[in-house]
Each structure stands twice: as C-alpha cells, then as structure tokens.
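Report on one structure; see the data block that follows.
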Protein chains: 2
Amino acid sequence: MTERVAASSGRSGRRKRPTMLDVAREAGVALRTVSRVVNEDPTVGAHLASRVQAAITALGYAPDERAQQLRRGTSGTVGAAVRNLADAHPVLSAVDHAAREAGLAVLAMSTEDDEHREREAVMSMCRRRVDGIVIEPIGTSHDYLSGELAAGLPLVAVDRPTGGVEADAVLSDNAAGIGMAYRQLALHGHRRIGYIGDDERIFTGRERAAAFRACVAASGGPLDGMTHPGVFSPARISAALTAVLTGPAPATALITGNVETTIEVLRHLGADAGRVALVGFDDFPLADILRPGLTVVAQNSAVIGRTAIDLLVARSADPARPVQTVTVPVELIPRGSGELPPPD
Amino acid sequence: MTERVAASSGRSGRRKRPTMLDVAREAGVALRTVSRVVNEDPTVGAHLASRVQAAITALGYAPDERAQQLRRGTSGTVGAAVRNLADAHPVLSAVDHAAREAGLAVLAMSTEDDEHREREAVMSMCRRRVDGIVIEPIGTSHDYLSGELAAGLPLVAVDRPTGGVEADAVLSDNAAGIGMAYRQLALHGHRRIGYIGDDERIFTGRERAAAFRACVAASGGPLDGMTHPGVFSPARISAALTAVLTGPAPATALITGNVETTIEVLRHLGADAGRVALVGFDDFPLADILRPGLTVVAQNSAVIGRTAIDLLVARSADPARPVQTVTVPVELIPRGSGELPPPD
DNA sequence: TCAGCGTGAGATAACGTTATCCCGCAAGCT
DNA sequence: AGCTTGCGGGATAACGTTATCTCACGCTGA
C-alpha cells in the first residue's frame, strides 16, 4: 500500500460554519428575513432578496437541516433497513427513487441479517426521527417497535411481514411463484422435482416450501426426500443436493428457494449444471450470462419499492388507516435451465 | 397485485413523542437530571438514576438525535456517496463496518452515475452537517465543494480522485493490475491481446488504458486495433469485440477494463466464452460460477473502505494535515478464463 | 386631512437537547 | 460553632432554525 503525500501543506484549520445570523449581518438585514429568502417566502422584496442571496453565496451558507427539522417537526427522511448494503439491492434502489419523487431522502442502513443489528439500526432511525421506516425484517419479533407504532411511526415491511406487531407489508406472491416454477418444469416433462430452500423459521422459506409441497401433492408427484428447506450453509446445500439427485429415484429437476441457495447449488453442480433442470426463486444480475441461462421466478422489485413508499406516505397522511398487506405478482423468466428436458 | 386489509381498525392517531421534559415530570426530577442519566453522567445518584430509567422505559422515550447533534455541534455521521445503491457494493459495506467501529453512522446515498445527482447528494449531506464524506466521484469538477473543504469538511475520494479540489483519496493500483492481467495472458502463450474498457475521460478508464498500452509496448506486441476504451454501451462493446476478434490478426485474449464491460463482453461471447482467454478488471460475486471461471484482477474493497474511514478520521482530528493519496494493491485471481491457451 | 389597510420586515418565542453556573446540604477542619 | 470543601442536582442559556406577533410605512378613499 503506497502513500503519497501532496506537496501542498493542506488546508487551514476548520473555521466555524456560517449561520443564518452571519448571513443576516453580511446582508444588513434581520435574521428572519434571511429565513424568508431561504424558504422563498414571496413577501420579501426583490431588491432585498437579491442582496441576501449575494450574502449567502459570498459566505457559502447552507442551512442546517437538523435545525430545520427540529423546528419544523418533520425530518423529510425515511429509513430503509435492508439485509446487506454490500449486496445488489434492486428494492432499495426502487425505494430510493420513489422516495425522492415524494420529496423524501433515504437513510439506508444494513441489518447484516442479524436481529440485534436490525434493532440497533431501527432504533437509530427512530432517534433521528425519520418520518417512516421501510424494513426487510430479520428478527421474528418486532415488539420493541410497538411503542413507536402506537406513536404513529409509519412502518412498512418488505419481503416478509413483521412479527408480533401489526404493520403494513409488501410481499411477493411466493405461492404463485413456486407454482409457476413447478408447472414450467412439469410442462417440460419432469416428474421428480426437488426443492432446496431457506429455513422454515423464515417467512419466505416457510411459504415457499409449503407451496412446493402443495404443488407436488396436487400433481401426484413423489414427495419423499424431495423437500429440503433448512438453515443456509454450503454444507447443508451440498448434502441436500446429494440426497435429491442420487438414490433409486433421483430428481431430474430442481427448484431453489432463494438467491443464496441457487448460487450455492450452481457452484456445487459446476460442469453438471446443464444436466439437471433448475428454476431459481429470485432473479439476480448475472443469471442471463450463465450457460444454460438460468430460468428464474423474478420478483418485481420496482413495484415492491414503489408500493412500500406509497404505503408509507399513505400512513403518514392517515395514521389511523387500517393495516394493509399488498401482494405483488412475480414473473417466470425462462432462460434455458428450466426448459431442459429430463434425461431419458 | 392483491391488497388485503386487516380486520383490526389500525392504530390511534399519532400522539406527540415524549421529550426529556416529559420524562423529568414523570420521574419528578429536573430536566437536566434526565439528560445526565441519558448521558451516563456519574454524578447522579443511583437511586435517582433508576427512577429516571423507569420513567424512560415507561414513556418509551428515545432522545432526539437532531437536537443532540445541534447542541453538541457534531453529528457522528459520515456520508457515503456511491454510484449506485442498487449494485453490489463491497466498498460501501467495508466503509459501513469501519465507520461503525469508529462510532460513526453512515448516511449512504446514490449518485446514479450522474454529476448533477452527485452534487445534490453531497450538498444534502453537507446540510445534514455530516462529519465527513466518502465519495466515489462521478463529476470531473468538484469545485462546488471548495468552500466546504476550506471550512474543514473531511472528504475522501474512493476509486477515483476528485477534480479541481485537493482531497484525500484511496485508489486501486490500476497500472499494476493491468500489468498482472497482461503478464498472466502472456504467460499462457498469448501474443495478441486486446483491451476493451471505460471512457478515457474517466480516471480509471484513462489509467487502465494507458497501462495497457505501456504493457503492449514493453512486450513488443501489436498495438494497432487492440485498444478500445470508450463510453459504455452494449453497441460499442459489441463493435469493439468484433474489431478485436476478427480480421487478419485477431486477438486471442482480452482484458476488460471494468465490471460492466466484462459482463457485456461475456454476454456477447455467449457460448464462445471458452474460446477466447479473458481477464476482467474488478471481481464480482458470481465470477466463480461461470464456466470457465472468470479470471479477474480483484480490488481489495475491505482495505479500501477501511482506509477511507481512517483517512477521514485522521483529517477530522487534524484538518491541517497534508492531503494524502493511498494506493491499495490489487490481486490476480486465476479461475480459468485467463489461463486458456491460444488456439494453435 | 386622517382613518383604514395592506405590505414588507424586525423582535421574540419556541423546537429538544447539553453546558455552564450556581445553590443547598452534609461532612470535615480549626 | 463557624468555615471550608465536596457533591448531588436544579435554573438558565445556548445550538440554528421557523412561526407568531408586532410594527412602521406608504397608499387609498371619504
């Protein structure tokens, strides 16, 4: 690691930031008049306004948003507690856009899939007096938020519902998605289909596994040994894969219940990826450049994010409105891996 | 999209959030005493402290951080202006971790690769009086920050330097990375190597293209038609690819200058991906499950993020210290695509 | 000529914290 | 006993805004 120190001697020490009062002095007007100019109050004369503007640019003044928020009583910010800032996050992006359109800034924080961190992040948002929180819940109980909810904090859960407290939620249609995946595989001739997915203690893991079992039951396929939900770990995925793909009646097709599982399965299949049909739940950026292309059930992140902000704004406007759960449709994107025929 | 409305009638209207004064009244002490308890001031008696604590939990009081910040004069927050919140962002994650260890919260905002948005995001951070900003610069000129910098705002550029103003920076060793890629390909027998990368108006595009030219010149290879930097667009990548891989003396190996280009090249190569050797600059999450695995020059995001925060903290402590540029080493990760032999 | 009125701009009080100052009280010293 | 010392804890003034109130001024209309 190389360090290069510039020849110049750096900058002068930090001098205090100009306040509205400084601007007022500079322009020779009253404090309140500067405030009026900043807030574009039409009752201020054009001449005076331009003089104040000049003072503002001369001093490089920028209003202190914290003071504004404190005084106005509103923060113009929504918090977004997502599982991991390091990952690609289309929903966060959609939330960001929708929020900006609604005149709200987004304070994004990572929960790192940890219940404790989630709580820390959310409480930190509360201390910052955000106008609402979009959360991708991790913990199973969000009782610690009941006080805030009672005080009218708009809270919208995304992907999974909150636990223990009632809050608006935007969910994907997990059951329909599993159904699409199953039917696509069945359509291409598969009779023995396996499922590897998330722990059933997790909402989406539970919903998707249940939907899968229902599909198998409805189609008269074999259930034994075909369903493998569980805690995510490469070792478990590997074992599940072996269990499903070997034995007297191995599966010829697989459904994976989330991105992490899909990727781990692909990693394990390696060069055999073209030999077993596969549909993954949830799309990811590079699914189309794999060979064969990965067939996925894609969630509609754009709609999810927008809906979350819509719900949040609606609750802001009317804290007493009934709690609502919106289910967003999913879409099957065939790219090849789900259309592979069974070996004869 | 299905909407389900819960049977319960929602929540009561938003009642005002309890303040320190409410807690004081509840506990029957003075306002200042509550403040002392909240800040764990040891001069408060144990008995009184527990009474105040009880009042705090009874009322569900949480201090207003904006008021604290206003009063204390420090925000305990660093801003992170990254190119796109939707993308996977290992550096942001590292920044988040390092900042948290330093007792700082992170306010992440997306610049969407847009100069105007970048400025908006950064100014918004300034209005929130963040204690420093980590920026992945987009614009070529950051003059608009000169006032803030003069006022002592710690600013650390990541990946690319700022333009027009002097600021600390953490960069990857682009030249060394290109050198590693080139040598790896040369080692495996390639004599005609092509480069497709970013626009040379972008710092990294410029540095990497220059390093590539230097490599070719040093090794006595052919330069004509082998270097294709330019604005990112699928059409341009496609044209560059055709230019490099066809003609009388086609390249047998490629170096791609950034993730977007790498992925677009892979997309175009499709089933031919195994026929041309390829080393990509910058790693990405799924590079290892491609077939062949993608050989990459990986930047050390963890070190970059941590260094950025270190520089930021250092400048906070001493605003007059000389401006510093840290270059972080990169690493070649061979996964197969860069080790393919040329066709005979 | 003067009441009446709209209009632009200043004084002042909040918003929810923390820092400074100060005071009352019990213990220890002469 | 009188005085200092120490220490727990309360009043009050900031921090940088905005909202409310007030006021001075110039104009119209009878």
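In the structure tokens, chains take letters A, B, ... by order of appearance, with residues numbered from 1 within each chain and ligands from 1 in the order shown.
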
Can you tell me which residues surround DC29 of chain C at a distance of at most 12 Å, considering only C-alpha atoms (C1' of nucleotides), apart from same-chain residues fewer than 5 positions away, and format the answer as a list in words?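 The contact residues come out as DG2, DC3, DT4 and DT5 of chain D.
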
Keeping all heavy atoms, export the residues of the selection given above as a PDB file, in the first residue's frame.
```pdb
ATOM      1  P    DG D   2     -21.812  30.269  65.154  1.00  0.00           P
ATOM      2  OP1  DG D   2     -22.030  31.653  65.647  1.00  0.00           O
ATOM      3  OP2  DG D   2     -22.917  29.493  64.574  1.00  0.00           O
ATOM      4  O5'  DG D   2     -20.594  30.283  64.122  1.00  0.00           O
ATOM      5  C5'  DG D   2     -19.394  30.965  64.450  1.00  0.00           C
ATOM      6  C4'  DG D   2     -18.373  30.703  63.367  1.00  0.00           C
ATOM      7  O4'  DG D   2     -17.997  29.301  63.410  1.00  0.00           O
ATOM      8  C3'  DG D   2     -18.871  30.967  61.936  1.00  0.00           C
ATOM      9  O3'  DG D   2     -17.855  31.663  61.223  1.00  0.00           O
ATOM     10  C2'  DG D   2     -19.139  29.585  61.385  1.00  0.00           C
ATOM     11  C1'  DG D   2     -18.076  28.766  62.094  1.00  0.00           C
ATOM     12  N9   DG D   2     -18.393  27.342  62.219  1.00  0.00           N
ATOM     13  C8   DG D   2     -19.603  26.779  62.582  1.00  0.00           C
ATOM     14  N7   DG D   2     -19.577  25.482  62.622  1.00  0.00           N
ATOM     15  C5   DG D   2     -18.269  25.157  62.250  1.00  0.00           C
ATOM     16  C6   DG D   2     -17.643  23.888  62.122  1.00  0.00           C
ATOM     17  O6   DG D   2     -18.136  22.773  62.301  1.00  0.00           O
ATOM     18  N1   DG D   2     -16.306  24.012  61.735  1.00  0.00           N
ATOM     19  C2   DG D   2     -15.671  25.206  61.522  1.00  0.00           C
ATOM     20  N2   DG D   2     -14.386  25.131  61.158  1.00  0.00           N
ATOM     21  N3   DG D   2     -16.228  26.394  61.637  1.00  0.00           N
ATOM     22  C4   DG D   2     -17.533  26.292  62.015  1.00  0.00           C
ATOM     23  P    DC D   3     -18.181  32.235  59.761  1.00  0.00           P
ATOM     24  OP1  DC D   3     -17.792  33.651  59.820  1.00  0.00           O
ATOM     25  OP2  DC D   3     -19.562  31.868  59.379  1.00  0.00           O
ATOM     26  O5'  DC D   3     -17.187  31.465  58.811  1.00  0.00           O
ATOM     27  C5'  DC D   3     -15.842  31.221  59.229  1.00  0.00           C
ATOM     28  C4'  DC D   3     -15.280  30.066  58.427  1.00  0.00           C
ATOM     29  O4'  DC D   3     -15.772  28.815  58.952  1.00  0.00           O
ATOM     30  C3'  DC D   3     -15.662  30.111  56.955  1.00  0.00           C
ATOM     31  O3'  DC D   3     -14.507  30.207  56.145  1.00  0.00           O
ATOM     32  C2'  DC D   3     -16.413  28.806  56.706  1.00  0.00           C
ATOM     33  C1'  DC D   3     -15.960  27.921  57.872  1.00  0.00           C
ATOM     34  N1   DC D   3     -16.991  26.937  58.259  1.00  0.00           N
ATOM     35  C2   DC D   3     -16.678  25.568  58.250  1.00  0.00           C
ATOM     36  O2   DC D   3     -15.540  25.201  57.937  1.00  0.00           O
ATOM     37  N3   DC D   3     -17.640  24.658  58.587  1.00  0.00           N
ATOM     38  C4   DC D   3     -18.868  25.096  58.909  1.00  0.00           C
ATOM     39  N4   DC D   3     -19.782  24.172  59.245  1.00  0.00           N
ATOM     40  C5   DC D   3     -19.217  26.481  58.927  1.00  0.00           C
ATOM     41  C6   DC D   3     -18.259  27.359  58.589  1.00  0.00           C
ATOM     42  P    DT D   4     -14.728  30.442  54.524  1.00  0.00           P
ATOM     43  OP1  DT D   4     -13.783  31.492  54.080  1.00  0.00           O
ATOM     44  OP2  DT D   4     -16.173  30.571  54.246  1.00  0.00           O
ATOM     45  O5'  DT D   4     -14.212  29.047  53.963  1.00  0.00           O
ATOM     46  C5'  DT D   4     -12.920  28.564  54.334  1.00  0.00           C
ATOM     47  C4'  DT D   4     -12.878  27.064  54.153  1.00  0.00           C
ATOM     48  O4'  DT D   4     -13.990  26.440  54.825  1.00  0.00           O
ATOM     49  C3'  DT D   4     -12.926  26.587  52.696  1.00  0.00           C
ATOM     50  O3'  DT D   4     -11.820  25.742  52.462  1.00  0.00           O
ATOM     51  C2'  DT D   4     -14.246  25.843  52.590  1.00  0.00           C
ATOM     52  C1'  DT D   4     -14.456  25.365  54.031  1.00  0.00           C
ATOM     53  N1   DT D   4     -15.869  25.101  54.399  1.00  0.00           N
ATOM     54  C2   DT D   4     -16.264  23.805  54.651  1.00  0.00           C
ATOM     55  O2   DT D   4     -15.524  22.848  54.574  1.00  0.00           O
ATOM     56  N3   DT D   4     -17.589  23.670  55.015  1.00  0.00           N
ATOM     57  C4   DT D   4     -18.533  24.679  55.146  1.00  0.00           C
ATOM     58  O4   DT D   4     -19.684  24.430  55.475  1.00  0.00           O
ATOM     59  C5   DT D   4     -18.062  26.008  54.861  1.00  0.00           C
ATOM     60  C7   DT D   4     -18.980  27.172  54.954  1.00  0.00           C
ATOM     61  C6   DT D   4     -16.752  26.161  54.497  1.00  0.00           C
ATOM     62  P    DT D   5     -11.256  25.561  50.949  1.00  0.00           P
ATOM     63  OP1  DT D   5      -9.783  25.396  51.032  1.00  0.00           O
ATOM     64  OP2  DT D   5     -11.875  26.606  50.116  1.00  0.00           O
ATOM     65  O5'  DT D   5     -11.879  24.151  50.528  1.00  0.00           O
ATOM     66  C5'  DT D   5     -11.592  23.007  51.346  1.00  0.00           C
ATOM     67  C4'  DT D   5     -12.609  21.911  51.092  1.00  0.00           C
ATOM     68  O4'  DT D   5     -13.882  22.263  51.664  1.00  0.00           O
ATOM     69  C3'  DT D   5     -12.888  21.625  49.603  1.00  0.00           C
ATOM     70  O3'  DT D   5     -12.344  20.348  49.286  1.00  0.00           O
ATOM     71  C2'  DT D   5     -14.419  21.636  49.486  1.00  0.00           C
ATOM     72  C1'  DT D   5     -14.870  21.547  50.942  1.00  0.00           C
ATOM     73  N1   DT D   5     -16.190  22.170  51.234  1.00  0.00           N
ATOM     74  C2   DT D   5     -17.197  21.375  51.728  1.00  0.00           C
ATOM     75  O2   DT D   5     -17.080  20.199  51.934  1.00  0.00           O
ATOM     76  N3   DT D   5     -18.381  22.054  51.992  1.00  0.00           N
ATOM     77  C4   DT D   5     -18.637  23.399  51.795  1.00  0.00           C
ATOM     78  O4   DT D   5     -19.723  23.880  52.057  1.00  0.00           O
ATOM     79  C5   DT D   5     -17.531  24.164  51.267  1.00  0.00           C
ATOM     80  C7   DT D   5     -17.710  25.620  51.020  1.00  0.00           C
ATOM     81  C6   DT D   5     -16.375  23.531  51.018  1.00  0.00           C
TER      82       DT D   5
END
```

Select from segment 6-199 of chain A everything DSSP, run on the backbone, classes as helix (DSSP H, G or I), then give the selection as a ChimeraX atom specification. /A:20-27,31-38,46-59,65-72,90-101,115-127,143-150,174-187

Output as a list in words the set of chain B residues within 9 Å of chain C, with distances taken over only C-alpha atoms (C1' of nucleotides).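 That gives Thr19, Met20, Leu21, Arg32, Ser35, Pro63, Asp64, Glu65, Arg66, Ala67, Gln68, Gln69, Leu70, Arg71 and Arg72 of chain B for chain B.
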
Could those residues be written to a file, using all heavy atoms, as a short mmCIF file (atom, residue, chain, number, x, y, z; two decimals), in the first residue's frame?
```cif
data_model
loop_
_atom_site.label_atom_id
_atom_site.label_comp_id
_atom_site.auth_asym_id
_atom_site.auth_seq_id
_atom_site.Cartn_x
_atom_site.Cartn_y
_atom_site.Cartn_z
N THR B 19 -40.68 13.89 25.32
CA THR B 19 -39.38 14.57 25.34
C THR B 19 -38.74 14.38 26.71
O THR B 19 -39.33 13.79 27.61
CB THR B 19 -39.52 16.07 25.05
OG1 THR B 19 -39.79 16.74 26.28
CG2 THR B 19 -40.66 16.34 24.08
N MET B 20 -37.58 14.92 26.82
CA MET B 20 -36.87 14.83 28.07
C MET B 20 -37.68 15.46 29.21
O MET B 20 -37.65 14.99 30.35
CB MET B 20 -35.55 15.58 27.92
CG MET B 20 -34.40 14.89 28.59
SD MET B 20 -32.85 15.63 28.07
CE MET B 20 -31.95 14.15 27.67
N LEU B 21 -38.38 16.50 28.85
CA LEU B 21 -39.19 17.20 29.86
C LEU B 21 -40.29 16.29 30.39
O LEU B 21 -40.57 16.26 31.59
CB LEU B 21 -39.79 18.46 29.24
CG LEU B 21 -40.42 19.45 30.23
CD1 LEU B 21 -39.38 19.94 31.23
CD2 LEU B 21 -41.03 20.62 29.49
N ARG B 32 -32.50 18.61 33.55
CA ARG B 32 -31.07 18.37 33.44
C ARG B 32 -30.66 17.01 34.01
O ARG B 32 -29.71 16.39 33.54
CB ARG B 32 -30.32 19.50 34.19
CG ARG B 32 -28.84 19.44 34.06
CD ARG B 32 -28.44 19.71 32.62
NE ARG B 32 -26.99 19.57 32.42
CZ ARG B 32 -26.40 18.46 32.05
NH1 ARG B 32 -27.10 17.38 31.84
NH2 ARG B 32 -25.10 18.42 31.89
N SER B 35 -31.13 14.38 31.43
CA SER B 35 -30.03 14.45 30.49
C SER B 35 -28.81 13.74 31.04
O SER B 35 -28.12 12.99 30.34
CB SER B 35 -29.70 15.91 30.18
OG SER B 35 -28.49 16.01 29.47
N PRO B 63 -34.00 9.72 22.96
CA PRO B 63 -33.55 11.09 22.74
C PRO B 63 -33.57 11.47 21.26
O PRO B 63 -33.38 10.61 20.40
CB PRO B 63 -32.12 11.10 23.28
CG PRO B 63 -31.73 9.67 23.43
CD PRO B 63 -32.98 8.89 23.61
N ASP B 64 -33.82 12.71 20.99
CA ASP B 64 -33.84 13.21 19.62
C ASP B 64 -32.41 13.53 19.19
O ASP B 64 -31.79 14.46 19.69
CB ASP B 64 -34.70 14.47 19.55
CG ASP B 64 -34.90 14.93 18.12
OD1 ASP B 64 -33.97 14.80 17.31
OD2 ASP B 64 -36.00 15.42 17.82
N GLU B 65 -31.92 12.72 18.27
CA GLU B 65 -30.52 12.86 17.89
C GLU B 65 -30.25 14.20 17.21
O GLU B 65 -29.15 14.73 17.29
CB GLU B 65 -30.13 11.72 16.95
CG GLU B 65 -28.70 11.30 17.10
CD GLU B 65 -28.46 9.94 16.48
OE1 GLU B 65 -28.69 8.92 17.16
OE2 GLU B 65 -28.02 9.91 15.33
N ARG B 66 -31.23 14.72 16.54
CA ARG B 66 -31.02 16.01 15.85
C ARG B 66 -30.74 17.10 16.87
O ARG B 66 -29.84 17.92 16.69
CB ARG B 66 -32.26 16.36 15.03
CG ARG B 66 -32.56 15.35 13.98
CD ARG B 66 -33.92 15.55 13.41
NE ARG B 66 -34.97 15.53 14.44
CZ ARG B 66 -36.24 15.72 14.21
NH1 ARG B 66 -36.63 15.95 12.97
NH2 ARG B 66 -37.11 15.67 15.18
N ALA B 67 -31.50 17.07 17.95
CA ALA B 67 -31.28 18.07 18.99
C ALA B 67 -29.92 17.86 19.65
O ALA B 67 -29.20 18.83 19.91
CB ALA B 67 -32.39 17.99 20.03
N GLN B 68 -29.59 16.60 19.88
CA GLN B 68 -28.28 16.31 20.46
C GLN B 68 -27.17 16.84 19.57
O GLN B 68 -26.24 17.50 20.02
CB GLN B 68 -28.10 14.81 20.63
CG GLN B 68 -28.98 14.19 21.68
CD GLN B 68 -28.72 12.71 21.84
OE1 GLN B 68 -28.54 11.99 20.86
NE2 GLN B 68 -28.70 12.24 23.08
N GLN B 69 -27.30 16.52 18.28
CA GLN B 69 -26.26 16.94 17.33
C GLN B 69 -26.15 18.46 17.30
O GLN B 69 -25.06 19.02 17.30
CB GLN B 69 -26.61 16.44 15.93
CG GLN B 69 -26.45 14.95 15.77
CD GLN B 69 -26.83 14.50 14.38
OE1 GLN B 69 -26.98 15.31 13.47
NE2 GLN B 69 -27.00 13.20 14.20
N LEU B 70 -27.30 19.09 17.27
CA LEU B 70 -27.32 20.55 17.20
C LEU B 70 -26.59 21.14 18.39
O LEU B 70 -25.75 22.02 18.27
CB LEU B 70 -28.78 21.02 17.20
CG LEU B 70 -29.04 22.46 16.85
CD1 LEU B 70 -28.46 22.76 15.48
CD2 LEU B 70 -30.52 22.74 16.87
N ARG B 71 -26.91 20.59 19.53
CA ARG B 71 -26.33 21.11 20.76
C ARG B 71 -24.84 20.76 20.86
O ARG B 71 -24.00 21.60 21.15
CB ARG B 71 -27.11 20.52 21.94
CG ARG B 71 -26.70 21.00 23.30
CD ARG B 71 -26.87 22.49 23.40
NE ARG B 71 -25.56 23.09 23.60
CZ ARG B 71 -25.25 23.91 24.59
NH1 ARG B 71 -26.18 24.29 25.43
NH2 ARG B 71 -24.05 24.36 24.71
N ARG B 72 -24.54 19.50 20.56
CA ARG B 72 -23.16 19.05 20.70
C ARG B 72 -22.26 19.61 19.61
O ARG B 72 -21.05 19.69 19.77
CB ARG B 72 -23.12 17.51 20.62
CG ARG B 72 -23.63 16.83 21.85
CD ARG B 72 -22.99 15.45 21.98
NE ARG B 72 -23.87 14.39 21.54
CZ ARG B 72 -24.44 13.52 22.37
NH1 ARG B 72 -24.24 13.61 23.67
NH2 ARG B 72 -25.22 12.57 21.92
#
```

With distances taken over only C-alpha atoms, which of B:Ile304, B:Leu171, B:Ile133, B:Ile237 is nearest to Asp199 of chain B?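 Nearest to Asp199 of chain B: B:Ile237.
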
What is the distance, in Å and to one decimal place, between atom CA of Val328 of chain A and atom CA of Ser75 of chain A? 29.3 Å

How close does chain D get to chain B? List, as a tab-separated table, each residue of chain D within 9 Å, its nearest atom pair and the distance in Å to one decimal, counting only C-alpha atoms (C1' of nucleotides).
```
residue	atom	partner	partner_atom	distance
D:DC7	C1'	B:Thr43	CA	7.8
D:DG8	C1'	B:Val44	CA	6.5
D:DG9	C1'	B:Thr33	CA	6.9
D:DG10	C1'	B:Ala30	CA	6.2
D:DA14	C1'	B:Arg71	CA	8.2
D:DC15	C1'	B:Arg71	CA	4.6
D:DG16	C1'	B:Leu70	CA	7.6
```

Same residues, C-alpha atoms (C1' of nucleotides), output as a PDB file, in the first residue's frame:
```
ATOM      1  C1'  DC D   7     -21.007  16.759  45.694  1.00  0.00           C
ATOM      2  C1'  DG D   8     -25.590  15.956  44.021  1.00  0.00           C
ATOM      3  C1'  DG D   9     -28.888  18.351  41.435  1.00  0.00           C
ATOM      4  C1'  DG D  10     -31.692  22.455  39.604  1.00  0.00           C
ATOM      5  C1'  DA D  14     -27.168  28.410  24.294  1.00  0.00           C
ATOM      6  C1'  DC D  15     -27.253  25.400  19.332  1.00  0.00           C
ATOM      7  C1'  DG D  16     -29.601  27.167  14.292  1.00  0.00           C
TER       8       DG D  16
END
```

Write out as a ChimeraX atom specification each polymer residue whose atoms come within 6 Å of segment 244-261 of chain B, counting only C-alpha atoms (C1' of nucleotides); drop sequence neighbours fewer than 2 positions from it. /B:192-197,241-242,263-265,276-282,342

In terms of the shortest atom-to-atom distance over only C-alpha atoms, which of B:Ser93, B:Thr262, B:Thr227, B:Gln324 is closest to Ala108 of chain A?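 Residue with the minimum atom-to-atom distance to Ala108 of chain A: B:Ser93.
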
Check the DSSP output for the backbone and give back, as JSON, numbers by chain, the residues of segment 230-291 of chain B in strand (DSSP E). {"B": [253, 254, 255, 256, 277, 278, 279, 280, 281]}

Output file for the residues above (C-alpha atoms, as a PDB file, in the first residue's frame):
```
ATOM      1  CA  ALA B 253      -7.062 -12.904 -25.419  1.00  0.00           C
ATOM      2  CA  LEU B 254      -8.912  -9.976 -23.902  1.00  0.00           C
ATOM      3  CA  ILE B 255      -8.604  -7.713 -20.933  1.00  0.00           C
ATOM      4  CA  THR B 256     -11.764  -5.888 -19.920  1.00  0.00           C
ATOM      5  CA  ALA B 277      -8.953 -16.004 -22.946  1.00  0.00           C
ATOM      6  CA  LEU B 278     -10.295 -13.246 -20.726  1.00  0.00           C
ATOM      7  CA  VAL B 279      -9.178 -11.363 -17.650  1.00  0.00           C
ATOM      8  CA  GLY B 280     -11.584  -8.858 -16.163  1.00  0.00           C
ATOM      9  CA  PHE B 281     -10.642  -5.869 -14.064  1.00  0.00           C
TER      10      PHE B 281
END
```

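We find atom CA of Thr2 of chain A and atom CA of Val313 of chain B to be spaced 18.8 Å apart.
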
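Atom CA of Arg17 of chain A is positioned 6.7 Å from atom CA of Ala151 of chain B.
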
Could you tell me which of A:Leu48, A:Ala99, A:Met109, A:Leu311 comes closest to chain B if we count only C-alpha atoms? A:Met109
